[in-house]
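**Student:** Pasting a structure here, questions to come.
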Amino acid sequence: DPRIVIAYEEDATGQAIVHLLAPDGRSAGPGWPRYLEDEYPFYATIADIDQDGEAEVLVGGYSGLNVPAHVYALRADGADANGNWPQTIYEPDDIPPAGGATPFISVADLDPLYPGLELVAPGRWKRLVYAFHCDGTTVPGWPYVGPDSALIGNSAAIGNIDGVGGLDVAVGNGLADWVAARHLLLIGADGSDLGGSPIDVGGFVQTIETLADLEGDGTIEILLPVGGTGMLECWE
């Protein structure tokens, strides 16, 4: 049966809530609503990450700068998908700490040799991009660390960008016009920069990239609206 997922902050408690509703608007079960450890939730993604035939609810949380944020994977009954969830998103000690939310979580088979699908979660107001296996363990080579002074502001697009091997990740950095470092980041499945990355852009980045074969030649183009310029940029 279809379900409706809503995520919001409860005024009375100042706590993030995720609720799964039946088509008639009633709660989908006794495990809902699910209260999160964070103050604000972001957009929910629905995907069967462990490929068992039952979809999970994926959502990122946020409680302000310099506060750890979390990535959640919830079962249909509202419980954590397993004991490794939620995962904490926070800067390592050698990087100025700034907790950040994930706008929405992207899902793909980034590591075909590992069972299930992977979750890619950029840290908003951060320069790290995280990748987790469906069981909550970190994908080898991740998190990706972006350029100095980077502030990522959007979610990740996933596709075979370089036409070689498996899937790659594209994410924009520079979420405001006062951020000096503004780039399109292209990341391989192993967490390393693809050739030519990072790509300088002429404005701030707050929207998700689009990946498509515009020319019909079997190669992927990357489209990105660039804030403050009125331009839609396209790269091969």
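We label chains A, B, ... in the order they appear in the structure tokens, count residues from 1 in each chain, and number ligands from 1 in the order shown.
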Counting only C-alpha atoms, what is within 6 Å of Ile17 of chain A, bar same-chain residues fewer than 3 positions away, as a PDB file with N, CA and C atoms, in the first residue's frame?
**Tutor:**
ATOM      1  N   ALA A   7       8.341  14.997   7.338  1.00  0.00           N
ATOM      2  CA  ALA A   7       9.380  15.271   8.330  1.00  0.00           C
ATOM      3  C   ALA A   7       9.273  16.741   8.724  1.00  0.00           C
ATOM      4  N   TYR A   8       9.298  17.006  10.021  1.00  0.00           N
ATOM      5  CA  TYR A   8       9.089  18.374  10.485  1.00  0.00           C
ATOM      6  C   TYR A   8       9.661  18.531  11.889  1.00  0.00           C
ATOM      7  N   GLU A   9       9.764  19.798  12.337  1.00  0.00           N
ATOM      8  CA  GLU A   9      10.181  20.088  13.703  1.00  0.00           C
ATOM      9  C   GLU A   9       8.931  20.297  14.554  1.00  0.00           C
ATOM     10  N   ARG A  34       8.405   8.969  14.579  1.00  0.00           N
ATOM     11  CA  ARG A  34       9.732   8.666  15.100  1.00  0.00           C
ATOM     12  C   ARG A  34      10.432   9.987  15.430  1.00  0.00           C
ATOM     13  N   TYR A  35      10.803  10.157  16.695  1.00  0.00           N
ATOM     14  CA  TYR A  35      11.548  11.337  17.126  1.00  0.00           C
ATOM     15  C   TYR A  35      13.034  11.111  16.858  1.00  0.00           C
ATOM     16  N   LEU A  36      13.681  12.119  16.287  1.00  0.00           N
ATOM     17  CA  LEU A  36      15.097  12.030  15.950  1.00  0.00           C
ATOM     18  C   LEU A  36      15.948  12.739  17.001  1.00  0.00           C
TER      19      LEU A  36
END
**Student:** Report, in Å to a single decimal, how far apart atom CA of Trp32 of chain A and atom CA of Val18 of chain A are.
**Tutor:** 7.6 Å
**Student:** Calculate how many Å separate atom CA of Gln87 of chain A from atom CA of Leu65 of chain A, rounding to one decimal.
**Tutor:**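 Between atom CA of Gln87 of chain A and atom CA of Leu65 of chain A the gap is 17.4 Å.
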**Student:** Find the residues around segment 47-54 of chain A up to 12 Å (only C-alpha atoms counted), leave out those fewer than 3 positions away in its own chain, and share them as a ChimeraX atom specification.
**Tutor:** /A:1,44,57-59,73-77,81-82,105-110,114-120,132-136
**Student:** Include N, CA, C and O atoms and write out the residues we just selected as a short mmCIF file (atom, residue, chain, number, x, y, z; two decimals), in the first residue's frame.
**Tutor:**
data_model
loop_
_atom_site.label_atom_id
_atom_site.label_comp_id
_atom_site.auth_asym_id
_atom_site.auth_seq_id
_atom_site.Cartn_x
_atom_site.Cartn_y
_atom_site.Cartn_z
N ASP A 1 0.83 -1.20 0.00
CA ASP A 1 0.00 0.00 0.00
C ASP A 1 0.87 1.25 0.00
O ASP A 1 1.95 1.26 0.61
N ALA A 44 13.07 13.57 3.09
CA ALA A 44 13.17 12.12 3.20
C ALA A 44 13.35 11.48 1.83
O ALA A 44 12.79 11.93 0.83
N VAL A 57 13.09 4.43 5.12
CA VAL A 57 12.97 5.89 5.09
C VAL A 57 14.33 6.46 5.49
O VAL A 57 14.85 6.16 6.57
N LEU A 58 14.90 7.28 4.62
CA LEU A 58 16.23 7.85 4.84
C LEU A 58 16.08 9.35 5.01
O LEU A 58 15.45 10.02 4.19
N VAL A 59 16.68 9.89 6.05
CA VAL A 59 16.54 11.33 6.30
C VAL A 59 17.77 11.83 7.05
O VAL A 59 18.36 11.11 7.85
N ALA A 73 18.39 5.75 8.87
CA ALA A 73 17.75 4.77 7.99
C ALA A 73 16.73 4.04 8.85
O ALA A 73 17.09 3.33 9.79
N LEU A 74 15.45 4.24 8.54
CA LEU A 74 14.36 3.73 9.36
C LEU A 74 13.58 2.67 8.61
O LEU A 74 13.29 2.82 7.42
N ARG A 75 13.22 1.61 9.31
CA ARG A 75 12.38 0.57 8.74
C ARG A 75 10.92 1.04 8.68
O ARG A 75 10.55 2.08 9.22
N ALA A 76 10.09 0.23 8.06
CA ALA A 76 8.68 0.58 7.92
C ALA A 76 7.95 0.62 9.26
O ALA A 76 6.88 1.23 9.36
N ASP A 77 8.54 0.01 10.30
CA ASP A 77 7.92 0.07 11.63
C ASP A 77 8.48 1.20 12.48
O ASP A 77 8.15 1.30 13.68
N ALA A 81 17.18 0.79 10.90
CA ALA A 81 17.36 -0.33 9.98
C ALA A 81 18.24 -1.42 10.59
O ALA A 81 18.03 -2.61 10.34
N ASN A 82 19.23 -1.02 11.38
CA ASN A 82 20.02 -1.96 12.18
C ASN A 82 20.76 -1.15 13.24
O ASN A 82 20.59 0.07 13.34
N ILE A 105 19.22 12.54 0.80
CA ILE A 105 20.21 11.48 0.66
C ILE A 105 20.04 10.79 -0.68
O ILE A 105 18.93 10.40 -1.05
N SER A 106 21.13 10.64 -1.42
CA SER A 106 21.11 9.95 -2.71
C SER A 106 21.46 8.48 -2.49
O SER A 106 22.26 8.15 -1.62
N VAL A 107 20.87 7.63 -3.31
CA VAL A 107 21.04 6.18 -3.15
C VAL A 107 21.43 5.57 -4.48
O VAL A 107 20.83 5.87 -5.52
N ALA A 108 22.44 4.71 -4.48
CA ALA A 108 22.87 4.03 -5.70
C ALA A 108 23.75 2.85 -5.31
O ALA A 108 24.21 2.74 -4.16
N ASP A 109 24.04 1.99 -6.27
CA ASP A 109 24.92 0.85 -6.04
C ASP A 109 26.35 1.29 -6.31
O ASP A 109 26.96 0.94 -7.33
N LEU A 110 26.88 2.07 -5.36
CA LEU A 110 28.21 2.64 -5.52
C LEU A 110 29.31 1.58 -5.38
O LEU A 110 30.40 1.73 -5.93
N TYR A 114 29.54 -5.11 -2.64
CA TYR A 114 29.00 -5.13 -1.28
C TYR A 114 27.48 -5.27 -1.37
O TYR A 114 26.84 -4.61 -2.18
N PRO A 115 26.86 -6.13 -0.56
CA PRO A 115 25.40 -6.32 -0.66
C PRO A 115 24.63 -5.03 -0.41
O PRO A 115 25.01 -4.21 0.44
N GLY A 116 23.55 -4.84 -1.15
CA GLY A 116 22.70 -3.69 -0.94
C GLY A 116 23.18 -2.44 -1.66
O GLY A 116 24.11 -2.47 -2.47
N LEU A 117 22.52 -1.33 -1.34
CA LEU A 117 22.81 -0.05 -1.97
C LEU A 117 23.55 0.87 -0.99
O LEU A 117 23.51 0.66 0.22
N GLU A 118 24.20 1.88 -1.56
CA GLU A 118 24.92 2.85 -0.75
C GLU A 118 24.15 4.17 -0.65
O GLU A 118 23.41 4.54 -1.56
N LEU A 119 24.36 4.87 0.47
CA LEU A 119 23.78 6.18 0.71
C LEU A 119 24.88 7.22 0.60
O LEU A 119 25.94 7.08 1.23
N VAL A 120 24.65 8.26 -0.19
CA VAL A 120 25.60 9.36 -0.32
C VAL A 120 24.98 10.59 0.33
O VAL A 120 23.90 11.03 -0.07
N PHE A 132 27.77 5.68 2.89
CA PHE A 132 27.56 4.57 3.80
C PHE A 132 26.97 3.38 3.05
O PHE A 132 26.13 3.54 2.16
N HIS A 133 27.39 2.17 3.45
CA HIS A 133 26.71 0.97 2.99
C HIS A 133 25.33 0.91 3.64
O HIS A 133 25.04 1.60 4.62
N CYS A 134 24.49 0.03 3.12
CA CYS A 134 23.13 -0.10 3.66
C CYS A 134 23.12 -0.51 5.12
O CYS A 134 22.16 -0.24 5.85
N ASP A 135 24.19 -1.18 5.59
CA ASP A 135 24.24 -1.60 6.99
C ASP A 135 24.82 -0.53 7.91
O ASP A 135 25.03 -0.77 9.10
N GLY A 136 25.08 0.67 7.36
CA GLY A 136 25.56 1.78 8.17
C GLY A 136 27.06 1.89 8.27
O GLY A 136 27.57 2.85 8.87
#
**Student:** Could you pull the residues within 6 Å of Tyr144 of chain A, counting only C-alpha atoms, minus those fewer than 2 positions along the same chain, as a list of chain:residue names?
**Tutor:** A:Leu128, A:Val129, A:Trp142, A:Gly191
**Student:** Would you mind telling me which residue in A:Ala212, A:Ile46, A:Ala79, A:Val67 lies nearest to Gly159 of chain A when using only C-alpha atoms?
**Tutor:**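 Between A:Ala212, A:Ile46, A:Ala79, A:Val67, the residue approaching Gly159 of chain A most closely is A:Ala212.
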**Student:** Which value, in Å to one decimal, gives the distance between atom CA of Thr137 of chain A and atom CA of Phe42 of chain A?
**Tutor:**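 Answer for the atom CA of Thr137 of chain A to atom CA of Phe42 of chain A separation: 21.5 Å.
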**Student:** What's the 12 Å shell around Leu194 of chain A, counting only C-alpha atoms, without same-chain residues fewer than 5 positions away, as a ChimeraX atom specification?
**Tutor:** /A:144,160-164,167-170,184-189,199
**Student:** Which of these, A:Gly172, A:Pro2, A:Gly146, A:Gly195, has the shortest distance to Pro225 of chain A once you count only C-alpha atoms?
**Tutor:** A:Gly172
**Student:** Determine which residues of segment 24-128 of chain A receive a DSSP assignment of strand (DSSP E or B), computed from the backbone, and state them as a PyMOL selection string.
**Tutor:** chain A and resi 27+34-35+40-41+45-47+56-62+69-74+80+87-89+106-108+118-122+128
**Student:** Under the rule that only C-alpha atoms are counted, which of A:Gly196, A:Gly60, A:Gly218, A:Gly31 is the nearest residue to Phe104 of chain A?
**Tutor:** A:Gly60
